[in-house]
Every structure is written in C-alpha cells, then in structure tokens.
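Shown here: work_20.pdb, PDB, C-alpha atoms, pLDDT in the B column.
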MODEL        1
ATOM      1  CA  MET Q   1     106.172 106.192 112.681  1.00 64.00           C
ATOM      2  CA  ASN Q   2     105.375 108.767 115.387  1.00 70.00           C
ATOM      3  CA  MET Q   3     102.517 108.681 117.839  1.00 69.00           C
ATOM      4  CA  PHE Q   4     101.221 110.334 120.983  1.00 69.00           C
ATOM      5  CA  TRP Q   5      99.673 108.044 123.612  1.00 69.00           C
ATOM      6  CA  ASN Q   6      97.961 108.915 126.913  1.00 66.00           C
ATOM      7  CA  GLU Q   7      95.674 106.427 128.665  1.00 62.00           C
ATOM      8  CA  GLU Q   8      94.068 108.870 131.142  1.00 60.00           C
ATOM      9  CA  ARG Q   9      90.398 109.693 130.507  1.00 55.00           C
ATOM     10  CA  GLU Q  10      87.273 110.873 132.280  1.00 55.00           C
ATOM     11  CA  GLU Q  11      83.876 109.223 132.441  1.00 52.00           C
ATOM     12  CA  ASN Q  12      81.248 110.714 130.147  1.00 52.00           C
ATOM     13  CA  THR Q  13      77.463 110.873 130.250  1.00 57.00           C
ATOM     14  CA  ALA Q  14      75.037 110.123 127.424  1.00 77.00           C
ATOM     15  CA  PHE Q  15      75.588 112.368 124.432  1.00 82.00           C
ATOM     16  CA  LYS Q  16      73.353 113.195 121.480  1.00 90.00           C
ATOM     17  CA  VAL Q  17      75.126 114.128 118.247  1.00 93.00           C
ATOM     18  CA  PRO Q  18      74.030 117.610 117.110  1.00 94.00           C
ATOM     19  CA  ASP Q  19      72.846 118.067 113.533  1.00 94.00           C
ATOM     20  CA  ASP Q  20      73.987 121.657 112.936  1.00 96.00           C
ATOM     21  CA  ILE Q  21      76.781 120.345 110.672  1.00 98.00           C
ATOM     22  CA  VAL Q  22      76.326 117.150 108.637  1.00 98.00           C
ATOM     23  CA  ASP Q  23      77.818 115.175 105.769  1.00 98.00           C
ATOM     24  CA  LEU Q  24      75.741 115.109 102.588  1.00 98.00           C
ATOM     25  CA  SER Q  25      76.519 111.902 100.698  1.00 98.00           C
ATOM     26  CA  PHE Q  26      75.785 111.830  96.951  1.00 98.00           C
ATOM     27  CA  ALA Q  27      75.477 108.824  94.688  1.00 98.00           C
ATOM     28  CA  ILE Q  28      77.681 109.327  91.627  1.00 97.00           C
ATOM     29  CA  ARG Q  29      78.257 107.769  88.231  1.00 97.00           C
ATOM     30  CA  CYS Q  30      81.856 108.120  87.143  1.00 96.00           C
ATOM     31  CA  LYS Q  31      84.202 105.540  85.664  1.00 94.00           C
ATOM     32  CA  CYS Q  32      87.439 107.112  86.828  1.00 95.00           C
ATOM     33  CA  LEU Q  33      89.057 110.250  88.228  1.00 96.00           C
ATOM     34  CA  PRO Q  34      92.639 111.463  88.573  1.00 94.00           C
ATOM     35  CA  LEU Q  35      94.225 110.297  91.805  1.00 93.00           C
ATOM     36  CA  ASP Q  36      94.920 113.941  92.656  1.00 95.00           C
ATOM     37  CA  HIS Q  37      91.555 115.521  91.883  1.00 96.00           C
ATOM     38  CA  ALA Q  38      91.370 117.867  94.879  1.00 97.00           C
ATOM     39  CA  TYR Q  39      91.758 121.144  92.992  1.00 98.00           C
ATOM     40  CA  ALA Q  40      89.639 120.134  89.980  1.00 98.00           C
ATOM     41  CA  LEU Q  41      86.765 118.835  92.142  1.00 98.00           C
ATOM     42  CA  SER Q  42      86.862 121.931  94.333  1.00 98.00           C
ATOM     43  CA  GLN Q  43      86.723 124.236  91.322  1.00 98.00           C
ATOM     44  CA  ALA Q  44      83.848 122.313  89.725  1.00 98.00           C
ATOM     45  CA  LEU Q  45      81.830 122.450  92.956  1.00 98.00           C
ATOM     46  CA  HIS Q  46      82.499 126.156  93.505  1.00 98.00           C
ATOM     47  CA  ALA Q  47      81.229 126.880  89.993  1.00 98.00           C
ATOM     48  CA  VAL Q  48      77.835 125.405  90.894  1.00 98.00           C
ATOM     49  CA  LEU Q  49      77.809 126.304  94.604  1.00 98.00           C
ATOM     50  CA  PRO Q  50      79.530 129.709  94.864  1.00 97.00           C
ATOM     51  CA  TRP Q  51      78.559 130.057  98.531  1.00 98.00           C
ATOM     52  CA  LEU Q  52      81.110 127.338  99.364  1.00 97.00           C
ATOM     53  CA  ALA Q  53      83.894 129.915  99.266  1.00 96.00           C
ATOM     54  CA  ASP Q  54      82.437 131.946 102.158  1.00 96.00           C
ATOM     55  CA  GLU Q  55      80.903 129.116 104.190  1.00 97.00           C
ATOM     56  CA  GLU Q  56      83.604 128.515 106.781  1.00 95.00           C
ATOM     57  CA  ALA Q  57      82.060 125.329 108.173  1.00 94.00           C
ATOM     58  CA  ALA Q  58      81.693 123.681 104.744  1.00 98.00           C
ATOM     59  CA  GLY Q  59      84.175 121.158 103.390  1.00 98.00           C
ATOM     60  CA  VAL Q  60      84.674 118.911 100.374  1.00 98.00           C
ATOM     61  CA  HIS Q  61      85.648 115.296 101.004  1.00 98.00           C
ATOM     62  CA  LEU Q  62      87.892 113.893  98.304  1.00 97.00           C
ATOM     63  CA  ILE Q  63      86.627 110.826  96.472  1.00 96.00           C
ATOM     64  CA  HIS Q  64      88.342 107.617  97.497  1.00 88.00           C
ATOM     65  CA  VAL Q  65      88.349 103.931  96.715  1.00 78.00           C
ATOM     66  CA  ALA Q  66      89.662 101.226  98.996  1.00 63.00           C
ATOM     67  CA  GLU Q  67      93.408 100.988  99.500  1.00 54.00           C
ATOM     68  CA  SER Q  68      93.191  97.259  98.810  1.00 40.00           C
ATOM     69  CA  GLY Q  69      90.823  94.312  99.118  1.00 39.00           C
ATOM     70  CA  ASN Q  70      87.749  93.139  97.219  1.00 38.00           C
ATOM     71  CA  GLY Q  71      89.654  93.418  93.976  1.00 37.00           C
ATOM     72  CA  TRP Q  72      90.295  97.154  94.325  1.00 37.00           C
ATOM     73  CA  TYR Q  73      93.695  98.767  94.598  1.00 43.00           C
ATOM     74  CA  ARG Q  74      94.438 102.437  95.159  1.00 48.00           C
ATOM     75  CA  PRO Q  75      97.266 103.575  92.825  1.00 52.00           C
ATOM     76  CA  GLN Q  76     100.103 105.737  94.097  1.00 53.00           C
ATOM     77  CA  SER Q  77     101.662 107.514  91.097  1.00 55.00           C
ATOM     78  CA  ASP Q  78     100.645 111.156  90.589  1.00 54.00           C
ATOM     79  CA  ASP Q  79      99.288 110.621  87.067  1.00 64.00           C
ATOM     80  CA  ALA Q  80      97.296 107.485  87.960  1.00 83.00           C
ATOM     81  CA  LEU Q  81      93.535 107.162  87.746  1.00 90.00           C
ATOM     82  CA  LEU Q  82      91.095 106.025  90.405  1.00 92.00           C
ATOM     83  CA  HIS Q  83      88.667 103.454  88.990  1.00 93.00           C
ATOM     84  CA  LEU Q  84      85.413 103.991  90.851  1.00 94.00           C
ATOM     85  CA  SER Q  85      82.845 101.391  91.790  1.00 91.00           C
ATOM     86  CA  ARG Q  86      79.074 101.820  91.771  1.00 89.00           C
ATOM     87  CA  ARG Q  87      79.209 102.207  95.540  1.00 92.00           C
ATOM     88  CA  THR Q  88      81.634 105.144  95.497  1.00 95.00           C
ATOM     89  CA  ARG Q  89      80.102 108.298  96.992  1.00 97.00           C
ATOM     90  CA  MET Q  90      80.876 112.012  96.896  1.00 98.00           C
ATOM     91  CA  MET Q  91      80.487 113.841 100.200  1.00 98.00           C
ATOM     92  CA  LEU Q  92      80.224 117.454 101.260  1.00 98.00           C
ATOM     93  CA  ARG Q  93      80.352 118.602 104.869  1.00 98.00           C
ATOM     94  CA  VAL Q  94      77.817 121.404 105.220  1.00 98.00           C
ATOM     95  CA  PRO Q  95      75.938 123.379 107.858  1.00 98.00           C
ATOM     96  CA  LYS Q  96      72.334 122.271 108.237  1.00 97.00           C
ATOM     97  CA  HIS Q  97      71.005 125.453 106.638  1.00 98.00           C
ATOM     98  CA  ARG Q  98      72.970 124.677 103.439  1.00 98.00           C
ATOM     99  CA  ILE Q  99      71.616 121.157 102.829  1.00 98.00           C
ATOM    100  CA  ASP Q 100      68.991 122.245 100.308  1.00 98.00           C
ATOM    101  CA  ASP Q 101      71.474 124.565  98.588  1.00 98.00           C
ATOM    102  CA  ALA Q 102      73.990 121.729  98.219  1.00 98.00           C
ATOM    103  CA  ARG Q 103      71.315 119.464  96.749  1.00 98.00           C
ATOM    104  CA  ARG Q 104      71.351 121.661  93.648  1.00 97.00           C
ATOM    105  CA  LEU Q 105      74.114 119.283  92.560  1.00 98.00           C
ATOM    106  CA  GLU Q 106      71.647 116.424  92.098  1.00 98.00           C
ATOM    107  CA  GLY Q 107      71.138 115.645  88.421  1.00 98.00           C
ATOM    108  CA  LEU Q 108      74.146 117.671  87.272  1.00 98.00           C
ATOM    109  CA  SER Q 109      77.236 116.440  85.446  1.00 98.00           C
ATOM    110  CA  LEU Q 110      80.550 117.860  86.629  1.00 98.00           C
ATOM    111  CA  GLU Q 111      83.698 117.798  84.515  1.00 97.00           C
ATOM    112  CA  ILE Q 112      86.765 116.810  86.530  1.00 97.00           C
ATOM    113  CA  GLU Q 113      89.839 117.154  84.328  1.00 95.00           C
ATOM    114  CA  GLY Q 114      88.026 115.700  81.335  1.00 95.00           C
ATOM    115  CA  HIS Q 115      86.132 113.034  83.280  1.00 96.00           C
ATOM    116  CA  ALA Q 116      82.347 113.284  83.567  1.00 97.00           C
ATOM    117  CA  LEU Q 117      80.965 112.879  87.085  1.00 98.00           C
ATOM    118  CA  GLU Q 118      77.176 112.542  87.189  1.00 98.00           C
ATOM    119  CA  VAL Q 119      75.656 113.445  90.547  1.00 98.00           C
ATOM    120  CA  GLY Q 120      72.685 111.476  91.822  1.00 98.00           C
ATOM    121  CA  ASP Q 121      70.487 111.562  94.916  1.00 98.00           C
ATOM    122  CA  SER Q 122      71.883 112.456  98.313  1.00 98.00           C
ATOM    123  CA  VAL Q 123      71.367 111.355 101.904  1.00 98.00           C
ATOM    124  CA  VAL Q 124      72.191 113.198 105.102  1.00 98.00           C
ATOM    125  CA  LYS Q 125      74.696 111.532 107.424  1.00 97.00           C
ATOM    126  CA  GLN Q 126      75.222 112.747 110.956  1.00 97.00           C
ATOM    127  CA  LEU Q 127      78.729 113.246 112.237  1.00 97.00           C
ATOM    128  CA  SER Q 128      80.149 110.365 114.231  1.00 96.00           C
ATOM    129  CA  ALA Q 129      80.491 110.127 118.003  1.00 95.00           C
ATOM    130  CA  LEU Q 130      82.956 107.237 117.697  1.00 95.00           C
ATOM    131  CA  SER Q 131      86.198 107.573 119.615  1.00 95.00           C
ATOM    132  CA  THR Q 132      88.551 107.144 116.634  1.00 97.00           C
ATOM    133  CA  LEU Q 133      88.648 109.587 113.707  1.00 97.00           C
ATOM    134  CA  PHE Q 134      90.827 109.741 110.601  1.00 97.00           C
ATOM    135  CA  ALA Q 135      91.828 112.553 108.248  1.00 97.00           C
ATOM    136  CA  ARG Q 136      93.486 111.577 104.976  1.00 95.00           C
ATOM    137  CA  HIS Q 137      94.984 115.024 104.447  1.00 97.00           C
ATOM    138  CA  VAL Q 138      96.160 117.522 107.054  1.00 97.00           C
ATOM    139  CA  VAL Q 139      98.243 120.387 105.664  1.00 96.00           C
ATOM    140  CA  MET Q 140     101.807 120.573 106.940  1.00 92.00           C
ATOM    141  CA  ALA Q 141     102.606 124.043 108.320  1.00 79.00           C
ATOM    142  CA  ASP Q 142     106.154 123.806 106.993  1.00 77.00           C
ATOM    143  CA  THR Q 143     107.341 121.609 104.137  1.00 74.00           C
ATOM    144  CA  ALA Q 144     110.614 121.029 106.013  1.00 75.00           C
ATOM    145  CA  MET Q 145     108.772 119.533 109.011  1.00 84.00           C
ATOM    146  CA  SER Q 146     109.919 116.171 110.307  1.00 87.00           C
ATOM    147  CA  GLU Q 147     107.235 113.650 111.195  1.00 88.00           C
ATOM    148  CA  ALA Q 148     107.871 114.329 114.885  1.00 89.00           C
ATOM    149  CA  ASP Q 149     107.477 118.081 114.338  1.00 91.00           C
ATOM    150  CA  PHE Q 150     104.258 117.498 112.401  1.00 92.00           C
ATOM    151  CA  LEU Q 151     102.903 115.388 115.253  1.00 92.00           C
ATOM    152  CA  GLN Q 152     103.601 118.166 117.741  1.00 93.00           C
ATOM    153  CA  HIS Q 153     101.941 120.636 115.386  1.00 92.00           C
ATOM    154  CA  VAL Q 154      98.797 118.495 115.316  1.00 95.00           C
ATOM    155  CA  VAL Q 155      98.839 118.185 119.122  1.00 94.00           C
ATOM    156  CA  ALA Q 156      99.049 121.975 119.418  1.00 94.00           C
ATOM    157  CA  GLU Q 157      96.169 122.423 116.950  1.00 95.00           C
ATOM    158  CA  LEU Q 158      93.977 120.028 118.930  1.00 96.00           C
ATOM    159  CA  LYS Q 159      94.770 121.742 122.234  1.00 95.00           C
ATOM    160  CA  ALA Q 160      93.892 125.100 120.649  1.00 95.00           C
ATOM    161  CA  LEU Q 161      90.460 123.616 119.879  1.00 95.00           C
ATOM    162  CA  ASP Q 162      90.117 122.465 123.517  1.00 95.00           C
ATOM    163  CA  ILE Q 163      90.171 118.834 122.397  1.00 95.00           C
ATOM    164  CA  PRO Q 164      91.875 116.571 124.966  1.00 91.00           C
ATOM    165  CA  VAL Q 165      94.861 114.857 123.394  1.00 89.00           C
ATOM    166  CA  ARG Q 166      95.293 111.174 124.249  1.00 91.00           C
ATOM    167  CA  LYS Q 167      96.267 109.138 121.182  1.00 94.00           C
ATOM    168  CA  ILE Q 168      97.427 110.385 117.789  1.00 94.00           C
ATOM    169  CA  LEU Q 169      99.070 108.512 114.944  1.00 94.00           C
ATOM    170  CA  CYS Q 170     100.488 110.153 111.805  1.00 92.00           C
ATOM    171  CA  GLY Q 171     100.448 108.150 108.591  1.00 91.00           C
ATOM    172  CA  LYS Q 172     101.067 108.571 104.878  1.00 90.00           C
ATOM    173  CA  ALA Q 173     102.219 111.787 103.224  1.00 91.00           C
ATOM    174  CA  HIS Q 174     100.467 113.025 100.055  1.00 91.00           C
ATOM    175  CA  ASP Q 175     100.977 116.037  97.815  1.00 94.00           C
ATOM    176  CA  LEU Q 176      97.991 117.900  96.354  1.00 96.00           C
ATOM    177  CA  LYS Q 177      98.727 120.071  93.331  1.00 96.00           C
ATOM    178  CA  THR Q 178      97.117 123.315  92.199  1.00 96.00           C
ATOM    179  CA  PRO Q 179      98.136 125.459  89.208  1.00 96.00           C
ATOM    180  CA  THR Q 180     100.263 127.625  91.528  1.00 96.00           C
ATOM    181  CA  GLU Q 181     101.542 125.395  94.345  1.00 94.00           C
ATOM    182  CA  VAL Q 182     102.063 121.944  95.795  1.00 95.00           C
ATOM    183  CA  ILE Q 183     100.303 121.374  99.120  1.00 95.00           C
ATOM    184  CA  HIS Q 184     102.100 118.910 101.368  1.00 95.00           C
ATOM    185  CA  THR Q 185      99.775 116.866 103.580  1.00 95.00           C
ATOM    186  CA  GLN Q 186      99.890 113.880 105.896  1.00 94.00           C
ATOM    187  CA  SER Q 187      97.187 111.571 107.200  1.00 96.00           C
ATOM    188  CA  VAL Q 188      96.278 111.676 110.888  1.00 97.00           C
ATOM    189  CA  MET Q 189      94.367 109.318 113.180  1.00 97.00           C
ATOM    190  CA  VAL Q 190      93.087 110.601 116.524  1.00 97.00           C
ATOM    191  CA  ALA Q 191      91.876 107.981 119.002  1.00 97.00           C
ATOM    192  CA  ASP Q 192      90.303 107.690 122.441  1.00 95.00           C
ATOM    193  CA  LEU Q 193      88.109 110.764 121.972  1.00 96.00           C
ATOM    194  CA  GLU Q 194      85.072 111.535 124.067  1.00 95.00           C
ATOM    195  CA  PRO Q 195      81.882 111.893 121.958  1.00 95.00           C
ATOM    196  CA  GLU Q 196      81.741 115.681 122.370  1.00 96.00           C
ATOM    197  CA  ALA Q 197      85.381 116.026 121.329  1.00 96.00           C
ATOM    198  CA  ALA Q 198      84.892 113.689 118.347  1.00 97.00           C
ATOM    199  CA  VAL Q 199      82.011 115.780 117.007  1.00 97.00           C
ATOM    200  CA  SER Q 200      83.845 119.034 117.694  1.00 97.00           C
ATOM    201  CA  LEU Q 201      86.896 117.831 115.754  1.00 97.00           C
ATOM    202  CA  GLN Q 202      84.723 116.932 112.764  1.00 98.00           C
ATOM    203  CA  GLN Q 203      82.956 120.294 112.903  1.00 97.00           C
ATOM    204  CA  LYS Q 204      86.112 122.397 113.198  1.00 96.00           C
ATOM    205  CA  GLY Q 205      88.802 120.315 111.509  1.00 96.00           C
ATOM    206  CA  ILE Q 206      92.515 121.094 111.585  1.00 96.00           C
ATOM    207  CA  GLY Q 207      94.341 123.622 109.458  1.00 94.00           C
ATOM    208  CA  PRO Q 208      93.510 125.114 106.047  1.00 95.00           C
ATOM    209  CA  GLY Q 209      92.189 123.560 102.849  1.00 96.00           C
ATOM    210  CA  ARG Q 210      88.721 122.301 103.853  1.00 97.00           C
ATOM    211  CA  LYS Q 211      87.406 122.946 100.326  1.00 98.00           C
ATOM    212  CA  MET Q 212      90.146 120.669  98.954  1.00 98.00           C
ATOM    213  CA  GLY Q 213      89.580 117.811 101.391  1.00 97.00           C
ATOM    214  CA  CYS Q 214      92.164 118.865 103.969  1.00 98.00           C
ATOM    215  CA  GLY Q 215      91.692 118.848 107.726  1.00 97.00           C
ATOM    216  CA  LEU Q 216      88.401 116.930 107.535  1.00 98.00           C
ATOM    217  CA  PHE Q 217      87.974 113.992 109.901  1.00 98.00           C
ATOM    218  CA  LEU Q 218      85.831 110.894 109.416  1.00 96.00           C
TER     219      LEU Q 218
ENDMDL
END

Take the structure in the file and give it back as structure tokens.
Amino acid sequence: MNMFWNEEREENTAFKVPDDIVDLSFAIRCKCLPLDHAYALSQALHAVLPWLADEEAAGVHLIHVAESGNGWYRPQSDDALLHLSRRTRMMLRVPKHRIDDARRLEGLSLEIEGHALEVGDSVVKQLSALSTLFARHVVMADTAMSEADFLQHVVAELKALDIPVRKILCGKAHDLKTPTEVIHTQSVMVADLEPEAAVSLQQKGIGPGRKMGCGLFL
C-alpha cells in the first residue's frame, strides 16, 4: 500500500461552500444492478439528458452499496449483482444551472442492462468542506503503472490543480468495461485538505471519465 504524507499546513479562515456545482441525489427503486454498471448507467442517462455529453463540470456517481456491515456485502466478481436497499441513492454532480434540467429524470424508469431503475424525487446536496475526500475510481494513465507510479501520477494531477498535497492513500483497483475497452481504475483517498481545496477537488476531479463515475470525489 502506497501513501504520501506531509504534516505541514497553514491556518485557514472561515469558508462558505459555494453552490455553483452541487450533487443532485435521487431516490430510486431498483432491486439489483450489475456490479459494473458504469457504461450502461451513463448511456441511459445520456439518452434522457443529452446535454451531459457537453457539460464539462457534470459527472455521474456510480451506484454503490456498503462494502460490508448491516447485513450487506458488496460482491467482487465481474458478473455479480448489487442488491440495492431502499436507502440506496443515485447521484449526479451538476452545475447549478442544470439542476432543473437534471430533474427531468424524476418519474422515469431507466433500463440498466435489463434491470429497471425507477427514479424518484431528488434533493440538492452541497459539496463537502471536510478535509478527507474519497474517489472510488480514478483512471490509470497507463495500464502498466505500478501502485507507486499511480500515486505519483495523482500527486502531479493535484499539483496541476493547485491543490496542496499533504496526505494521499491509494486503495483498491477496479476495471470498468465498455463495448470497446477496459478502463483500469484505482480508488484514492486525499486527506488533510483545506476547505477551499476540498471543494475545488470535488468541482474539478482528477482525470477522464466523469460521466462513468471516474475522478469524482466524495
């Protein structure tokens, strides 16, 4: 396991989270979905919301259940199904001016590889100013990358965004499949962020694939 750790930090003044980019959280009714549903969900959403393709700041969070605990267990095999609870949500990251457009999803039923996903009401959630953020999928620039090389790649991406780098931890690797390629990703935790940097990282993300759940931090 590789990590980057730096304890130096500066004092920060009070900070108000901007609302120009938000997460729109939808209630859903869906018994189960494929574990790897990134491509299918993205395609279904683009069919209803074609502006997603050109909206650079928009992103699609993949649908997740707990890794373990409370009787739930997240499967690992590629052909496994996620069994969703009534509390499971679907989230889109959208600019403020697209909130009403995204709410066109309410009341619709999406087909995700043969599974019906009924979309309910939505609520707006502001981005977080907490110091620790997590991305389940960050695209690897090179499939031959070692974990140490991937860590340095993430550090370079953060510095390019003018985000001070103090603590980073790389976690599990996951492959996301499309009809034409396999996208290699790894989870990333970034810690000890100042509020401004935390919001900026959520707004900008790291790397490609935002419409398939990649590079998005929570």

- request: Using the chain letters and numbering of this document, enumerate as an MDAnalysis selection string the residues selected by the PyMOL selection byres ((chain Q and resi 106) around 10).
  value: chainID Q and resid 26:28 102:105 107:109 118:122

Selected residues written out with C-alpha atoms, as an mmCIF file, in the frame of the given file:
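Result went into part.cif, see below:
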data_model
loop_
_atom_site.group_PDB
_atom_site.id
_atom_site.type_symbol
_atom_site.label_atom_id
_atom_site.label_comp_id
_atom_site.auth_asym_id
_atom_site.auth_seq_id
_atom_site.Cartn_x
_atom_site.Cartn_y
_atom_site.Cartn_z
ATOM 1 C CA PHE Q 26 75.785 111.830 96.951
ATOM 2 C CA ALA Q 27 75.477 108.824 94.688
ATOM 3 C CA ILE Q 28 77.681 109.327 91.627
ATOM 4 C CA ALA Q 102 73.990 121.729 98.219
ATOM 5 C CA ARG Q 103 71.315 119.464 96.749
ATOM 6 C CA ARG Q 104 71.351 121.661 93.648
ATOM 7 C CA LEU Q 105 74.114 119.283 92.560
ATOM 8 C CA GLY Q 107 71.138 115.645 88.421
ATOM 9 C CA LEU Q 108 74.146 117.671 87.272
ATOM 10 C CA SER Q 109 77.236 116.440 85.446
ATOM 11 C CA GLU Q 118 77.176 112.542 87.189
ATOM 12 C CA VAL Q 119 75.656 113.445 90.547
ATOM 13 C CA GLY Q 120 72.685 111.476 91.822
ATOM 14 C CA ASP Q 121 70.487 111.562 94.916
ATOM 15 C CA SER Q 122 71.883 112.456 98.313
#

message: As a check of understanding, name the residues that the PyMOL selection byres ((chain Q and resi 217) around 12) selects in the supplied structure, as a PyMOL selection string.
response: chain Q and resi 23+59-62+93+127-138+187-191+197-207+210+213-216+218

message: Can you pull out the residues contacting Ser146 in chain Q? Cut-off 12 Å, using only C-alpha atoms, and skip same-chain residues under 4 positions away; I want them as a count of residues only.
response: 12

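Separating CA of Ile63 in chain Q from CA of Val17 in chain Q is a distance of 24.8 Å.
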
task: Determine the residue membership of the PyMOL selection byres ((chain Q and resi 40-57) around 7) for the file above and supply it as an MDAnalysis selection string.
output: chainID Q and resid 37:39 58:59 94:95 102 110:113 203 211:212

Between CA of Cys30 in chain Q and CA of Glu181 in chain Q - distance in Å to one decimal: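 According to the coordinates, CA of Glu181 in chain Q and CA of Cys30 in chain Q are separated by 27.2 Å.
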
query: From the list Q:Lys96, Q:Pro208, Q:Leu158, Q:Pro164, which residue is nearest Pro18 in chain Q when using all atoms listed in the file?
result: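 Checking each candidate against Pro18 in chain Q, we get Q:Lys96 as the closest.
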
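Of the residues under consideration (Q:Leu161, Q:Val182, Q:Leu92, Q:Ala14), Q:Leu92 shows the shortest atom-to-atom contact distance to Gln126 in chain Q when counting all atoms listed in the file.
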
- prompt: In Å, how far is it from CA of His115 in chain Q to CA of Ser25 in chain Q?
  reply: 19.9 Å

message: Given only C-alpha atoms as the basis, pick out the residue of Q:Val139, Q:Ala160, Q:Met145, Q:Met91 nearest to His174 in chain Q.
response: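 Of all the options, Q:Val139 lies closest to His174 in chain Q.
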
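Comparing Q:Glu194, Q:Glu147, Q:Asp101, Q:Asp19 by their smallest distance to Lys167 in chain Q, the closest is Q:Glu194 (using only C-alpha atoms).
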
field: Top pick for closest residue to Thr88 in chain Q, considering Q:Lys31, Q:Arg166, Q:His184, Q:Lys125 and counting all atoms listed in the file
entry: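 Nearest to Thr88 in chain Q: Q:Lys31.
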